[in-house]
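Asker: For reference, the file target-v1.txt (compact mmCIF, N, CA, C and O atoms) is included below:
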# COMPACT_ATOMS: atom_id res chain seq x y z
N ILE A 1 9.56 -0.29 -3.49
CA ILE A 1 10.35 0.47 -2.55
C ILE A 1 10.50 1.90 -3.05
O ILE A 1 10.49 2.83 -2.25
N ALA A 2 10.63 2.08 -4.34
CA ALA A 2 10.74 3.43 -4.89
C ALA A 2 9.49 4.24 -4.59
O ALA A 2 9.57 5.44 -4.31
N ALA A 3 8.33 3.58 -4.62
CA ALA A 3 7.09 4.29 -4.31
C ALA A 3 7.08 4.76 -2.86
O ALA A 3 6.61 5.87 -2.56
N PHE A 4 7.61 3.94 -1.95
CA PHE A 4 7.69 4.35 -0.55
C PHE A 4 8.66 5.52 -0.37
O PHE A 4 8.41 6.43 0.41
N THR A 5 9.75 5.50 -1.11
CA THR A 5 10.72 6.60 -1.03
C THR A 5 10.07 7.90 -1.49
O THR A 5 10.23 8.94 -0.85
N GLU A 6 9.33 7.82 -2.57
CA GLU A 6 8.64 9.01 -3.08
C GLU A 6 7.55 9.47 -2.11
O GLU A 6 7.38 10.67 -1.87
N ALA A 7 6.83 8.53 -1.53
CA ALA A 7 5.79 8.89 -0.56
C ALA A 7 6.40 9.56 0.66
O ALA A 7 5.84 10.53 1.20
N ALA A 8 7.55 9.07 1.11
CA ALA A 8 8.23 9.67 2.26
C ALA A 8 8.68 11.09 1.94
O ALA A 8 8.55 12.00 2.77
N ARG A 9 9.20 11.29 0.73
CA ARG A 9 9.62 12.63 0.32
C ARG A 9 8.42 13.57 0.30
O ARG A 9 8.48 14.68 0.84
N THR A 10 7.34 13.13 -0.30
CA THR A 10 6.13 13.96 -0.39
C THR A 10 5.57 14.25 1.00
O THR A 10 5.17 15.38 1.29
N SER A 11 5.54 13.24 1.86
CA SER A 11 5.06 13.43 3.22
C SER A 11 5.89 14.48 3.95
O SER A 11 5.33 15.34 4.65
N GLY A 12 7.20 14.43 3.78
CA GLY A 12 8.07 15.42 4.40
C GLY A 12 7.80 16.82 3.88
O GLY A 12 7.78 17.79 4.66
N GLU A 13 7.60 16.94 2.58
CA GLU A 13 7.29 18.26 2.01
C GLU A 13 5.97 18.79 2.54
O GLU A 13 5.85 19.97 2.85
N LEU A 14 4.98 17.92 2.62
CA LEU A 14 3.68 18.35 3.15
C LEU A 14 3.80 18.77 4.61
O LEU A 14 3.21 19.77 5.03
N ALA A 15 4.55 18.00 5.39
CA ALA A 15 4.74 18.35 6.81
C ALA A 15 5.43 19.70 6.94
O ALA A 15 5.07 20.51 7.80
N ALA A 16 6.41 19.96 6.08
CA ALA A 16 7.11 21.24 6.10
C ALA A 16 6.17 22.40 5.77
O ALA A 16 6.39 23.53 6.22
N LEU A 17 5.13 22.13 5.01
CA LEU A 17 4.14 23.15 4.67
C LEU A 17 3.05 23.26 5.74
O LEU A 17 2.11 24.04 5.60
N GLY A 18 3.15 22.43 6.77
CA GLY A 18 2.17 22.48 7.84
C GLY A 18 1.05 21.47 7.75
O GLY A 18 0.13 21.48 8.56
N VAL A 19 1.12 20.59 6.77
CA VAL A 19 0.09 19.55 6.62
C VAL A 19 0.48 18.38 7.52
O VAL A 19 1.36 17.59 7.18
N LYS A 20 -0.15 18.31 8.67
CA LYS A 20 0.20 17.28 9.66
C LYS A 20 -0.76 16.09 9.62
O LYS A 20 -0.43 15.01 10.07
N ASN A 21 -1.96 16.29 9.14
CA ASN A 21 -2.97 15.24 9.10
C ASN A 21 -2.76 14.41 7.83
O ASN A 21 -3.32 14.71 6.78
N GLN A 22 -1.92 13.38 7.94
CA GLN A 22 -1.59 12.55 6.78
C GLN A 22 -1.99 11.11 7.06
O GLN A 22 -1.96 10.65 8.19
N HIS A 23 -2.35 10.42 5.98
CA HIS A 23 -2.75 9.01 6.04
C HIS A 23 -2.13 8.32 4.84
O HIS A 23 -2.29 8.78 3.71
N LEU A 24 -1.45 7.23 5.07
CA LEU A 24 -0.79 6.49 3.99
C LEU A 24 -1.74 5.43 3.45
O LEU A 24 -2.28 4.62 4.21
N MET A 25 -1.95 5.44 2.14
CA MET A 25 -2.74 4.40 1.49
C MET A 25 -1.81 3.59 0.60
O MET A 25 -1.16 4.15 -0.29
N ILE A 26 -1.74 2.30 0.85
CA ILE A 26 -0.90 1.40 0.05
C ILE A 26 -1.84 0.57 -0.80
O ILE A 26 -2.60 -0.26 -0.30
N ASN A 27 -1.77 0.79 -2.10
CA ASN A 27 -2.71 0.18 -3.04
C ASN A 27 -2.05 -0.99 -3.77
O ASN A 27 -0.88 -0.96 -4.11
N GLY A 28 -2.83 -2.02 -4.02
CA GLY A 28 -2.39 -3.13 -4.87
C GLY A 28 -1.47 -4.12 -4.18
O GLY A 28 -0.55 -4.65 -4.80
N VAL A 29 -1.72 -4.40 -2.91
CA VAL A 29 -0.86 -5.33 -2.16
C VAL A 29 -1.29 -6.76 -2.49
O VAL A 29 -2.44 -7.15 -2.27
N PHE A 30 -0.34 -7.54 -3.01
CA PHE A 30 -0.63 -8.91 -3.42
C PHE A 30 -0.60 -9.85 -2.23
O PHE A 30 0.31 -9.82 -1.41
N ARG A 31 -1.59 -10.71 -2.15
CA ARG A 31 -1.64 -11.78 -1.15
C ARG A 31 -1.94 -13.08 -1.87
O ARG A 31 -2.94 -13.20 -2.59
N ALA A 32 -1.09 -14.07 -1.68
CA ALA A 32 -1.27 -15.38 -2.29
C ALA A 32 -2.45 -16.10 -1.63
O ALA A 32 -2.61 -16.05 -0.42
N THR A 33 -3.25 -16.75 -2.43
CA THR A 33 -4.37 -17.52 -1.89
C THR A 33 -4.15 -19.02 -2.00
O THR A 33 -4.88 -19.78 -1.40
N ASP A 34 -3.15 -19.42 -2.78
CA ASP A 34 -2.85 -20.84 -2.96
C ASP A 34 -1.46 -21.14 -2.41
O ASP A 34 -0.45 -20.74 -3.00
N PRO A 35 -1.38 -21.84 -1.30
CA PRO A 35 -0.06 -22.12 -0.70
C PRO A 35 0.81 -23.03 -1.56
O PRO A 35 2.01 -23.12 -1.33
N ASP A 36 0.23 -23.66 -2.56
CA ASP A 36 0.99 -24.56 -3.44
C ASP A 36 1.43 -23.90 -4.74
O ASP A 36 2.00 -24.56 -5.60
N ASP A 37 1.16 -22.62 -4.89
CA ASP A 37 1.54 -21.89 -6.10
C ASP A 37 2.86 -21.16 -5.85
O ASP A 37 2.88 -20.14 -5.17
N PRO A 38 3.98 -21.67 -6.40
CA PRO A 38 5.27 -21.05 -6.10
C PRO A 38 5.40 -19.63 -6.64
O PRO A 38 6.09 -18.80 -6.03
N VAL A 39 4.77 -19.34 -7.75
CA VAL A 39 4.84 -17.98 -8.30
C VAL A 39 4.10 -17.01 -7.37
O VAL A 39 4.62 -15.94 -7.03
N ALA A 40 2.91 -17.39 -6.95
CA ALA A 40 2.15 -16.54 -6.05
C ALA A 40 2.88 -16.36 -4.73
O ALA A 40 2.92 -15.25 -4.17
N GLN A 41 3.48 -17.42 -4.22
CA GLN A 41 4.23 -17.32 -2.96
C GLN A 41 5.43 -16.38 -3.11
O GLN A 41 5.73 -15.60 -2.21
N SER A 42 6.08 -16.46 -4.25
CA SER A 42 7.22 -15.57 -4.51
C SER A 42 6.77 -14.11 -4.60
O SER A 42 7.42 -13.22 -4.05
N MET A 43 5.64 -13.88 -5.26
CA MET A 43 5.12 -12.52 -5.36
C MET A 43 4.75 -11.97 -3.98
O MET A 43 5.00 -10.81 -3.68
N GLN A 44 4.17 -12.81 -3.13
CA GLN A 44 3.82 -12.34 -1.80
C GLN A 44 5.08 -12.05 -0.98
O GLN A 44 5.12 -11.07 -0.24
N ARG A 45 6.10 -12.88 -1.12
CA ARG A 45 7.36 -12.61 -0.40
C ARG A 45 7.93 -11.25 -0.79
O ARG A 45 8.39 -10.49 0.05
N ARG A 46 7.88 -10.95 -2.10
CA ARG A 46 8.38 -9.64 -2.56
C ARG A 46 7.56 -8.50 -1.96
O ARG A 46 8.11 -7.49 -1.54
N ALA A 47 6.25 -8.67 -1.92
CA ALA A 47 5.39 -7.64 -1.32
C ALA A 47 5.70 -7.49 0.17
O ALA A 47 5.80 -6.37 0.68
N ASP A 48 5.87 -8.60 0.85
CA ASP A 48 6.18 -8.57 2.28
C ASP A 48 7.53 -7.89 2.53
O ASP A 48 7.67 -7.11 3.48
N GLN A 49 8.50 -8.18 1.69
CA GLN A 49 9.82 -7.56 1.83
C GLN A 49 9.74 -6.05 1.63
O GLN A 49 10.37 -5.28 2.36
N ALA A 50 8.97 -5.63 0.65
CA ALA A 50 8.80 -4.19 0.40
C ALA A 50 8.13 -3.52 1.60
O ALA A 50 8.56 -2.45 2.05
N MET A 51 7.09 -4.16 2.15
CA MET A 51 6.40 -3.58 3.30
C MET A 51 7.33 -3.51 4.52
O MET A 51 7.23 -2.59 5.32
N ALA A 52 8.24 -4.46 4.64
CA ALA A 52 9.19 -4.47 5.77
C ALA A 52 10.21 -3.35 5.65
O ALA A 52 10.84 -2.98 6.65
N GLN A 53 10.38 -2.79 4.45
CA GLN A 53 11.36 -1.74 4.23
C GLN A 53 10.73 -0.35 4.17
O GLN A 53 11.37 0.60 3.71
N ILE A 54 9.52 -0.22 4.66
CA ILE A 54 8.85 1.08 4.64
C ILE A 54 9.68 2.08 5.45
O ILE A 54 10.16 1.76 6.53
N PRO A 55 9.90 3.27 4.92
CA PRO A 55 10.70 4.27 5.65
C PRO A 55 10.09 4.61 7.01
O PRO A 55 8.87 4.61 7.16
N ASP A 56 10.95 4.91 7.96
CA ASP A 56 10.50 5.24 9.31
C ASP A 56 9.49 6.39 9.32
O ASP A 56 8.56 6.38 10.11
N SER A 57 9.69 7.35 8.44
CA SER A 57 8.80 8.51 8.41
C SER A 57 7.37 8.14 8.00
O SER A 57 6.42 8.85 8.33
N LEU A 58 7.22 7.02 7.31
CA LEU A 58 5.88 6.56 6.91
C LEU A 58 5.33 5.53 7.88
O LEU A 58 4.11 5.37 8.00
N ALA A 59 6.21 4.83 8.56
CA ALA A 59 5.78 3.73 9.44
C ALA A 59 4.87 4.19 10.56
O ALA A 59 4.05 3.41 11.04
N THR A 60 4.99 5.44 10.96
CA THR A 60 4.18 5.95 12.07
C THR A 60 2.85 6.53 11.62
O THR A 60 2.00 6.83 12.47
N LEU A 61 2.67 6.69 10.31
CA LEU A 61 1.41 7.25 9.81
C LEU A 61 0.30 6.21 9.90
O LEU A 61 0.55 5.01 9.72
N PRO A 62 -0.93 6.66 10.15
CA PRO A 62 -2.04 5.72 10.01
C PRO A 62 -2.08 5.25 8.56
O PRO A 62 -1.72 6.01 7.65
N ARG A 63 -2.48 4.01 8.35
CA ARG A 63 -2.45 3.52 6.97
C ARG A 63 -3.63 2.62 6.65
O ARG A 63 -4.19 1.98 7.51
N THR A 64 -3.96 2.61 5.38
CA THR A 64 -4.94 1.70 4.81
C THR A 64 -4.21 0.91 3.74
O THR A 64 -3.53 1.49 2.89
N THR A 65 -4.35 -0.40 3.79
CA THR A 65 -3.75 -1.27 2.78
C THR A 65 -4.87 -1.85 1.93
O THR A 65 -5.80 -2.45 2.46
N VAL A 66 -4.78 -1.63 0.63
CA VAL A 66 -5.80 -2.10 -0.31
C VAL A 66 -5.23 -3.29 -1.07
O VAL A 66 -4.17 -3.18 -1.68
N PRO A 67 -5.92 -4.43 -1.04
CA PRO A 67 -5.41 -5.59 -1.76
C PRO A 67 -5.45 -5.39 -3.27
O PRO A 67 -6.24 -4.58 -3.78
N LEU A 68 -4.59 -6.13 -3.95
CA LEU A 68 -4.60 -6.11 -5.40
C LEU A 68 -5.95 -6.61 -5.89
O LEU A 68 -6.43 -7.66 -5.47
N ALA A 69 -6.59 -5.84 -6.74
CA ALA A 69 -7.92 -6.19 -7.25
C ALA A 69 -7.81 -6.61 -8.72
O ALA A 69 -6.93 -6.13 -9.43
N PRO A 70 -8.69 -7.47 -9.16
CA PRO A 70 -8.66 -7.92 -10.56
C PRO A 70 -9.31 -6.92 -11.52
O PRO A 70 -9.64 -7.24 -12.63
N PHE A 71 -9.48 -5.69 -11.05
CA PHE A 71 -10.09 -4.63 -11.86
C PHE A 71 -9.49 -3.31 -11.42
O PHE A 71 -8.91 -3.20 -10.34
N GLY A 72 -9.65 -2.30 -12.25
CA GLY A 72 -9.12 -0.98 -11.93
C GLY A 72 -9.91 -0.30 -10.82
O GLY A 72 -11.14 -0.39 -10.79
N LEU A 73 -9.21 0.34 -9.92
CA LEU A 73 -9.86 1.08 -8.84
C LEU A 73 -9.85 2.56 -9.22
O LEU A 73 -8.93 3.29 -8.88
N LEU A 74 -10.87 2.95 -9.96
CA LEU A 74 -10.95 4.32 -10.45
C LEU A 74 -12.27 4.94 -10.07
O LEU A 74 -13.31 4.28 -10.08
N GLY A 75 -12.22 6.20 -9.74
CA GLY A 75 -13.44 6.96 -9.53
C GLY A 75 -13.97 6.93 -8.11
O GLY A 75 -13.44 6.27 -7.22
N ALA A 76 -15.05 7.68 -7.94
CA ALA A 76 -15.65 7.86 -6.62
C ALA A 76 -16.19 6.56 -6.05
O ALA A 76 -16.09 6.31 -4.85
N ASP A 77 -16.75 5.70 -6.88
CA ASP A 77 -17.30 4.43 -6.38
C ASP A 77 -16.21 3.56 -5.79
O ASP A 77 -16.41 2.91 -4.75
N ALA A 78 -15.04 3.53 -6.42
CA ALA A 78 -13.92 2.75 -5.89
C ALA A 78 -13.46 3.31 -4.55
O ALA A 78 -13.19 2.56 -3.61
N LEU A 79 -13.38 4.64 -4.44
CA LEU A 79 -12.98 5.26 -3.17
C LEU A 79 -13.99 4.94 -2.07
O LEU A 79 -13.60 4.67 -0.93
N ARG A 80 -15.26 4.96 -2.41
CA ARG A 80 -16.29 4.63 -1.41
C ARG A 80 -16.14 3.18 -0.97
O ARG A 80 -16.30 2.87 0.23
N ALA A 81 -15.87 2.28 -1.90
CA ALA A 81 -15.71 0.86 -1.55
C ALA A 81 -14.50 0.66 -0.65
O ALA A 81 -14.55 -0.12 0.31
N ILE A 82 -13.40 1.37 -0.94
CA ILE A 82 -12.21 1.27 -0.08
C ILE A 82 -12.55 1.79 1.31
O ILE A 82 -12.23 1.15 2.31
N ALA A 83 -13.19 2.93 1.38
CA ALA A 83 -13.52 3.54 2.68
C ALA A 83 -14.46 2.65 3.48
O ALA A 83 -14.38 2.59 4.71
N ALA A 84 -15.33 1.93 2.80
CA ALA A 84 -16.29 1.06 3.48
C ALA A 84 -15.69 -0.32 3.79
O ALA A 84 -16.36 -1.16 4.39
N GLY A 85 -14.43 -0.54 3.39
CA GLY A 85 -13.79 -1.82 3.65
C GLY A 85 -14.34 -2.95 2.82
O GLY A 85 -14.32 -4.11 3.23
N GLN A 86 -14.84 -2.63 1.64
CA GLN A 86 -15.48 -3.63 0.79
C GLN A 86 -14.52 -4.25 -0.22
O GLN A 86 -14.95 -4.95 -1.11
N LEU A 87 -13.24 -3.97 -0.08
CA LEU A 87 -12.26 -4.58 -1.01
C LEU A 87 -11.36 -5.52 -0.25
O LEU A 87 -11.11 -5.45 0.87
Take the structure from the file and write it as structure tokens.
Answerer:
Amino acid sequence: IAAFTEAARTSGELAALGVKNQHLMINGVFRATDPDDPVAQSMQRRADQAMAQIPDSLATLPRTTVPLAPFGLLGADALRAIAAGQL
């Protein structure tokens, strides 16, 4: 939730500077794959709760949600994979 608060603040500052073309990227969103894993289910509930509390100023922005990956998403190749929907 703190990350969303910071993103909303930054988005507002950019808008005040005239930057209107904004896109929200939410990285590392956990999704449980085993319905019988209580820890995974709890982690997904927390992620869902955080997404439900996204500030209104961000809720209207176009967004890309990137799932939590078992490796670091660094560099141009990772950005290309995200853009191509390969994650």
Asker: Would you work out the distance separating atom C of Leu61 (chain A) from atom O of Val39 (chain A), expressed in Å to one decimal?
Answerer: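 Atom O of Val39 (chain A) lies at a distance of 28.2 Å from atom C of Leu61 (chain A).
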Asker: Just how far from CA of Asn27 (chain A) is CA of Val66 (chain A), in Å to one decimal?
Answerer: 4.7 Å
Asker: Can you pull out the residues contacting Gln44 (chain A)? Cut-off 8 Å, using all atoms listed in the file, and skip same-chain residues under 6 positions away; I want them as a list in words.
Answerer: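 Everything that qualifies: Val29, Phe30, Arg31, Ala32, Asp37, Pro38, Ala50 and Met51 of chain A.
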Asker: Can you pull out every residue from region 5-41 of chain A that DSSP, working from the backbone, puts in strand (DSSP E), and format the result as a list of chain:residue names?
Answerer: A:Leu24, A:Met25, A:Ile26, A:Asn27, A:Gly28, A:Val29
Asker: So how many Å separate atom C of Arg45 (chain A) and atom O of Pro67 (chain A), to one decimal?
Answerer: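 Taking atom C of Arg45 (chain A) as the start and atom O of Pro67 (chain A) as the end point, the length is 15.9 Å.
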Asker: Report as a tab-separated table (two decimals) with N, CA, C and O atoms, keeping the file's coordinate frame: the residues of chain A with a DSSP assignment of helix (DSSP H, G or I), based on the backbone of this structure.
Answerer:
chain	number	residue	atom	x	y	z
A	2	ALA	N	10.63	2.08	-4.34
A	2	ALA	CA	10.74	3.43	-4.89
A	2	ALA	C	9.49	4.24	-4.59
A	2	ALA	O	9.57	5.44	-4.31
A	3	ALA	N	8.33	3.58	-4.62
A	3	ALA	CA	7.09	4.29	-4.31
A	3	ALA	C	7.08	4.76	-2.86
A	3	ALA	O	6.61	5.87	-2.56
A	4	PHE	N	7.61	3.94	-1.95
A	4	PHE	CA	7.69	4.35	-0.55
A	4	PHE	C	8.66	5.52	-0.37
A	4	PHE	O	8.41	6.43	0.41
A	5	THR	N	9.75	5.50	-1.11
A	5	THR	CA	10.72	6.60	-1.03
A	5	THR	C	10.07	7.90	-1.49
A	5	THR	O	10.23	8.94	-0.85
A	6	GLU	N	9.33	7.82	-2.57
A	6	GLU	CA	8.64	9.01	-3.08
A	6	GLU	C	7.55	9.47	-2.11
A	6	GLU	O	7.38	10.67	-1.87
A	7	ALA	N	6.83	8.53	-1.53
A	7	ALA	CA	5.79	8.89	-0.56
A	7	ALA	C	6.40	9.56	0.66
A	7	ALA	O	5.84	10.53	1.20
A	8	ALA	N	7.55	9.07	1.11
A	8	ALA	CA	8.23	9.67	2.26
A	8	ALA	C	8.68	11.09	1.94
A	8	ALA	O	8.55	12.00	2.77
A	9	ARG	N	9.20	11.29	0.73
A	9	ARG	CA	9.62	12.63	0.32
A	9	ARG	C	8.42	13.57	0.30
A	9	ARG	O	8.48	14.68	0.84
A	10	THR	N	7.34	13.13	-0.30
A	10	THR	CA	6.13	13.96	-0.39
A	10	THR	C	5.57	14.25	1.00
A	10	THR	O	5.17	15.38	1.29
A	11	SER	N	5.54	13.24	1.86
A	11	SER	CA	5.06	13.43	3.22
A	11	SER	C	5.89	14.48	3.95
A	11	SER	O	5.33	15.34	4.65
A	12	GLY	N	7.20	14.43	3.78
A	12	GLY	CA	8.07	15.42	4.40
A	12	GLY	C	7.80	16.82	3.88
A	12	GLY	O	7.78	17.79	4.66
A	13	GLU	N	7.60	16.94	2.58
A	13	GLU	CA	7.29	18.26	2.01
A	13	GLU	C	5.97	18.79	2.54
A	13	GLU	O	5.85	19.97	2.85
A	14	LEU	N	4.98	17.92	2.62
A	14	LEU	CA	3.68	18.35	3.15
A	14	LEU	C	3.80	18.77	4.61
A	14	LEU	O	3.21	19.77	5.03
A	15	ALA	N	4.55	18.00	5.39
A	15	ALA	CA	4.74	18.35	6.81
A	15	ALA	C	5.43	19.70	6.94
A	15	ALA	O	5.07	20.51	7.80
A	16	ALA	N	6.41	19.96	6.08
A	16	ALA	CA	7.11	21.24	6.10
A	16	ALA	C	6.17	22.40	5.77
A	16	ALA	O	6.39	23.53	6.22
A	38	PRO	N	3.98	-21.67	-6.40
A	38	PRO	CA	5.27	-21.05	-6.10
A	38	PRO	C	5.40	-19.63	-6.64
A	38	PRO	O	6.09	-18.80	-6.03
A	39	VAL	N	4.77	-19.34	-7.75
A	39	VAL	CA	4.84	-17.98	-8.30
A	39	VAL	C	4.10	-17.01	-7.37
A	39	VAL	O	4.62	-15.94	-7.03
A	40	ALA	N	2.91	-17.39	-6.95
A	40	ALA	CA	2.15	-16.54	-6.05
A	40	ALA	C	2.88	-16.36	-4.73
A	40	ALA	O	2.92	-15.25	-4.17
A	41	GLN	N	3.48	-17.42	-4.22
A	41	GLN	CA	4.23	-17.32	-2.96
A	41	GLN	C	5.43	-16.38	-3.11
A	41	GLN	O	5.73	-15.60	-2.21
A	42	SER	N	6.08	-16.46	-4.25
A	42	SER	CA	7.22	-15.57	-4.51
A	42	SER	C	6.77	-14.11	-4.60
A	42	SER	O	7.42	-13.22	-4.05
A	43	MET	N	5.64	-13.88	-5.26
A	43	MET	CA	5.12	-12.52	-5.36
A	43	MET	C	4.75	-11.97	-3.98
A	43	MET	O	5.00	-10.81	-3.68
A	44	GLN	N	4.17	-12.81	-3.13
A	44	GLN	CA	3.82	-12.34	-1.80
A	44	GLN	C	5.08	-12.05	-0.98
A	44	GLN	O	5.12	-11.07	-0.24
A	45	ARG	N	6.10	-12.88	-1.12
A	45	ARG	CA	7.36	-12.61	-0.40
A	45	ARG	C	7.93	-11.25	-0.79
A	45	ARG	O	8.39	-10.49	0.05
A	46	ARG	N	7.88	-10.95	-2.10
A	46	ARG	CA	8.38	-9.64	-2.56
A	46	ARG	C	7.56	-8.50	-1.96
A	46	ARG	O	8.11	-7.49	-1.54
A	47	ALA	N	6.25	-8.67	-1.92
A	47	ALA	CA	5.39	-7.64	-1.32
A	47	ALA	C	5.70	-7.49	0.17
A	47	ALA	O	5.80	-6.37	0.68
A	48	ASP	N	5.87	-8.60	0.85
A	48	ASP	CA	6.18	-8.57	2.28
A	48	ASP	C	7.53	-7.89	2.53
A	48	ASP	O	7.67	-7.11	3.48
A	49	GLN	N	8.50	-8.18	1.69
A	49	GLN	CA	9.82	-7.56	1.83
A	49	GLN	C	9.74	-6.05	1.63
A	49	GLN	O	10.37	-5.28	2.36
A	50	ALA	N	8.97	-5.63	0.65
A	50	ALA	CA	8.80	-4.19	0.40
A	50	ALA	C	8.13	-3.52	1.60
A	50	ALA	O	8.56	-2.45	2.05
A	51	MET	N	7.09	-4.16	2.15
A	51	MET	CA	6.40	-3.58	3.30
A	51	MET	C	7.33	-3.51	4.52
A	51	MET	O	7.23	-2.59	5.32
A	52	ALA	N	8.24	-4.46	4.64
A	52	ALA	CA	9.19	-4.47	5.77
A	52	ALA	C	10.21	-3.35	5.65
A	52	ALA	O	10.84	-2.98	6.65
A	56	ASP	N	10.95	4.91	7.96
A	56	ASP	CA	10.50	5.24	9.31
A	56	ASP	C	9.49	6.39	9.32
A	56	ASP	O	8.56	6.38	10.11
A	57	SER	N	9.69	7.35	8.44
A	57	SER	CA	8.80	8.51	8.41
A	57	SER	C	7.37	8.14	8.00
A	57	SER	O	6.42	8.85	8.33
A	58	LEU	N	7.22	7.02	7.31
A	58	LEU	CA	5.88	6.56	6.91
A	58	LEU	C	5.33	5.53	7.88
A	58	LEU	O	4.11	5.37	8.00
A	59	ALA	N	6.21	4.83	8.56
A	59	ALA	CA	5.78	3.73	9.44
A	59	ALA	C	4.87	4.19	10.56
A	59	ALA	O	4.05	3.41	11.04
A	75	GLY	N	-12.22	6.20	-9.74
A	75	GLY	CA	-13.44	6.96	-9.53
A	75	GLY	C	-13.97	6.93	-8.11
A	75	GLY	O	-13.44	6.27	-7.22
A	76	ALA	N	-15.05	7.68	-7.94
A	76	ALA	CA	-15.65	7.86	-6.62
A	76	ALA	C	-16.19	6.56	-6.05
A	76	ALA	O	-16.09	6.31	-4.85
A	77	ASP	N	-16.75	5.70	-6.88
A	77	ASP	CA	-17.30	4.43	-6.38
A	77	ASP	C	-16.21	3.56	-5.79
A	77	ASP	O	-16.41	2.91	-4.75
A	78	ALA	N	-15.04	3.53	-6.42
A	78	ALA	CA	-13.92	2.75	-5.89
A	78	ALA	C	-13.46	3.31	-4.55
A	78	ALA	O	-13.19	2.56	-3.61
A	79	LEU	N	-13.38	4.64	-4.44
A	79	LEU	CA	-12.98	5.26	-3.17
A	79	LEU	C	-13.99	4.94	-2.07
A	79	LEU	O	-13.60	4.67	-0.93
A	80	ARG	N	-15.26	4.96	-2.41
A	80	ARG	CA	-16.29	4.63	-1.41
A	80	ARG	C	-16.14	3.18	-0.97
A	80	ARG	O	-16.30	2.87	0.23
A	81	ALA	N	-15.87	2.28	-1.90
A	81	ALA	CA	-15.71	0.86	-1.55
A	81	ALA	C	-14.50	0.66	-0.65
A	81	ALA	O	-14.55	-0.12	0.31
A	82	ILE	N	-13.40	1.37	-0.94
A	82	ILE	CA	-12.21	1.27	-0.08
A	82	ILE	C	-12.55	1.79	1.31
A	82	ILE	O	-12.23	1.15	2.31
A	83	ALA	N	-13.19	2.93	1.38
A	83	ALA	CA	-13.52	3.54	2.68
A	83	ALA	C	-14.46	2.65	3.48
A	83	ALA	O	-14.38	2.59	4.71
Asker: Mind checking which residues fall within 8 Å of His23 (chain A), counting all atoms listed in the file, ignoring those fewer than 5 positions away in the same chain, and posting them as a PyMOL selection string?
Answerer: chain A and resi 58+61-64
Asker: Taking 5 positions as the minimum chain separation for residues in the same chain, which residues sit within 8 Å of region 10-17 of chain A when counting only N, CA, C and O atoms? Answer as a compact mmCIF listing (two decimals) with N, CA, C and O atoms, in the frame of the given file.
Answerer:
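See out-v3.txt below for the written result:
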# COMPACT_ATOMS: atom_id res chain seq x y z
N ALA A 3 8.33 3.58 -4.62
CA ALA A 3 7.09 4.29 -4.31
C ALA A 3 7.08 4.76 -2.86
O ALA A 3 6.61 5.87 -2.56
N PHE A 4 7.61 3.94 -1.95
CA PHE A 4 7.69 4.35 -0.55
C PHE A 4 8.66 5.52 -0.37
O PHE A 4 8.41 6.43 0.41
N THR A 5 9.75 5.50 -1.11
CA THR A 5 10.72 6.60 -1.03
C THR A 5 10.07 7.90 -1.49
O THR A 5 10.23 8.94 -0.85
N GLN A 22 -1.92 13.38 7.94
CA GLN A 22 -1.59 12.55 6.78
C GLN A 22 -1.99 11.11 7.06
O GLN A 22 -1.96 10.65 8.19
N SER A 57 9.69 7.35 8.44
CA SER A 57 8.80 8.51 8.41
C SER A 57 7.37 8.14 8.00
O SER A 57 6.42 8.85 8.33
N LEU A 58 7.22 7.02 7.31
CA LEU A 58 5.88 6.56 6.91
C LEU A 58 5.33 5.53 7.88
O LEU A 58 4.11 5.37 8.00
Asker: Pick from A:Thr60, A:Asn21, A:Thr33, A:Thr65: nearest to Ala8 (chain A), with only C-alpha atoms counted?
Answerer: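 Ranked by minimum distance to Ala8 (chain A), first place goes to A:Thr60.
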Asker: Nearest residue to Arg46 (chain A) out of A:Arg80, A:Gly72, A:Ile1, A:Glu6, using all atoms listed in the file?
Answerer: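 With all atoms listed in the file as the atom set, the closest residue is A:Ile1.
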